[in-house]
Amino acid sequence: MRILLVSKWIDGGVKGSFHHSGVWRDTFELACAFSTLGHQVAIVSPKPIQTHQKRFNIEFGKVLRKENVKHYMANSQENMKGV
């Protein structure tokens, strides 16, 4: 089965210290579980702000790639400030 999960929040998506979002964590864990069960999974979420992108990739990006979960990120209002 092909599954698309949509998350409004993402860890590292706001200014300040790296903030963990329960919504993102639930989406991430659900995607990994579906993938382990053999489903094709993709997530659509906002992009972490630039200062948090490296940490996000360390904590989540490597696991998503290992689990073969596609992750599509879109700019959010927070990302667009100053553009």
# chains A, B, ... in the order shown; residues from 1 in each chain; ligands from 1

call {"tool": "select_by_dssp", "arguments": {"residues": "segment 4-43 of chain A", "states": "strand (DSSP E or B)", "output": "list of chain:residue names"}}
result
A:Leu4, A:Leu5, A:Val6, A:Gln40, A:Val41, A:Ala42, A:Ile43

call {"tool": "residues_around", "arguments": {"residues": "Lys8 of chain A", "least_positions_apart": "6", "cutoff": "12 Å", "atoms": "only C-alpha atoms", "output": "mmCIF file with N, CA and C atoms, in the first residue's frame"}}
result
data_model
loop_
_atom_site.group_PDB
_atom_site.id
_atom_site.type_symbol
_atom_site.label_atom_id
_atom_site.label_comp_id
_atom_site.auth_asym_id
_atom_site.auth_seq_id
_atom_site.Cartn_x
_atom_site.Cartn_y
_atom_site.Cartn_z
ATOM 1 N N SER A 21 8.583 18.411 18.558
ATOM 2 C CA SER A 21 7.131 18.450 18.405
ATOM 3 C C SER A 21 6.566 17.042 18.504
ATOM 4 N N GLY A 22 5.581 16.862 19.358
ATOM 5 C CA GLY A 22 4.940 15.560 19.475
ATOM 6 C C GLY A 22 4.271 15.136 18.173
ATOM 7 N N VAL A 23 3.745 16.113 17.435
ATOM 8 C CA VAL A 23 3.087 15.820 16.162
ATOM 9 C C VAL A 23 4.102 15.219 15.192
ATOM 10 N N TRP A 24 5.275 15.846 15.091
ATOM 11 C CA TRP A 24 6.296 15.322 14.181
ATOM 12 C C TRP A 24 6.770 13.950 14.635
ATOM 13 N N ARG A 25 7.026 13.782 15.918
ATOM 14 C CA ARG A 25 7.523 12.505 16.438
ATOM 15 C C ARG A 25 6.528 11.384 16.126
ATOM 16 N N ASP A 26 5.232 11.648 16.313
ATOM 17 C CA ASP A 26 4.212 10.643 15.999
ATOM 18 C C ASP A 26 4.213 10.300 14.509
ATOM 19 N N THR A 27 4.311 11.319 13.662
ATOM 20 C CA THR A 27 4.330 11.106 12.212
ATOM 21 C C THR A 27 5.552 10.290 11.809
ATOM 22 N N ILE A 43 6.264 11.347 3.575
ATOM 23 C CA ILE A 43 5.823 12.376 4.513
ATOM 24 C C ILE A 43 5.949 13.724 3.826
ATOM 25 N N VAL A 44 4.949 14.589 4.021
ATOM 26 C CA VAL A 44 5.018 15.985 3.597
ATOM 27 C C VAL A 44 4.993 16.821 4.868
ATOM 28 N N SER A 45 5.951 17.739 4.996
ATOM 29 C CA SER A 45 6.031 18.579 6.197
ATOM 30 C C SER A 45 6.692 19.908 5.853
ATOM 31 N N PRO A 46 6.632 20.859 6.792
ATOM 32 C CA PRO A 46 7.423 22.081 6.600
ATOM 33 C C PRO A 46 8.909 21.723 6.674
ATOM 34 N N LYS A 47 9.735 22.600 6.177
ATOM 35 C CA LYS A 47 11.183 22.434 6.232
ATOM 36 C C LYS A 47 11.694 23.011 7.557
ATOM 37 N N PRO A 48 12.655 22.360 8.221
ATOM 38 C CA PRO A 48 13.251 22.976 9.410
ATOM 39 C C PRO A 48 13.926 24.290 9.009
ATOM 40 N N MET A 73 9.708 18.290 1.843
ATOM 41 C CA MET A 73 9.607 19.445 2.732
ATOM 42 C C MET A 73 9.283 20.705 1.935
ATOM 43 N N ALA A 74 8.376 21.486 2.481
ATOM 44 C CA ALA A 74 7.964 22.736 1.848
ATOM 45 C C ALA A 74 8.338 23.909 2.746
ATOM 46 N N ASN A 75 8.598 25.049 2.134
ATOM 47 C CA ASN A 75 8.865 26.246 2.923
ATOM 48 C C ASN A 75 7.620 26.626 3.718
ATOM 49 N N SER A 76 7.829 27.089 4.939
ATOM 50 C CA SER A 76 6.738 27.569 5.775
ATOM 51 C C SER A 76 6.894 29.071 5.944
ATOM 52 N N GLN A 77 5.965 29.697 6.624
ATOM 53 C CA GLN A 77 6.059 31.137 6.887
ATOM 54 C C GLN A 77 7.348 31.450 7.646
#

call {"tool": "atom_distance", "arguments": {"atom1": "atom CA of Leu30 of chain A", "atom2": "atom CA of Ala42 of chain A"}}
result
10.8 Å

call {"tool": "select_by_dssp", "arguments": {"residues": "chain A", "states": "helix (DSSP H, G or I)", "output": "PyMOL selection string"}}
result
chain A and resi 22-36+50-66+77-80

call {"tool": "residues_around", "arguments": {"residues": "Val63 of chain A", "least_positions_apart": "4", "cutoff": "12 Å", "atoms": "only C-alpha atoms", "output": "PyMOL selection string"}}
result
chain A and resi 28-29+31-33+35-36+56-59+67-71

call {"tool": "closest_residue", "arguments": {"among": "A:Ile49, A:Ile3, A:Tyr72, A:Arg65", "to": "His19 of chain A", "atoms": "only C-alpha atoms"}}
result
A:Ile49

call {"tool": "atom_distance", "arguments": {"atom1": "atom CA of Phe34 of chain A", "atom2": "atom CA of Ile10 of chain A"}}
result
19.0 Å

call {"tool": "atom_distance", "arguments": {"atom1": "atom CA of Lys15 of chain A", "atom2": "atom CA of His52 of chain A"}}
result
8.7 Å
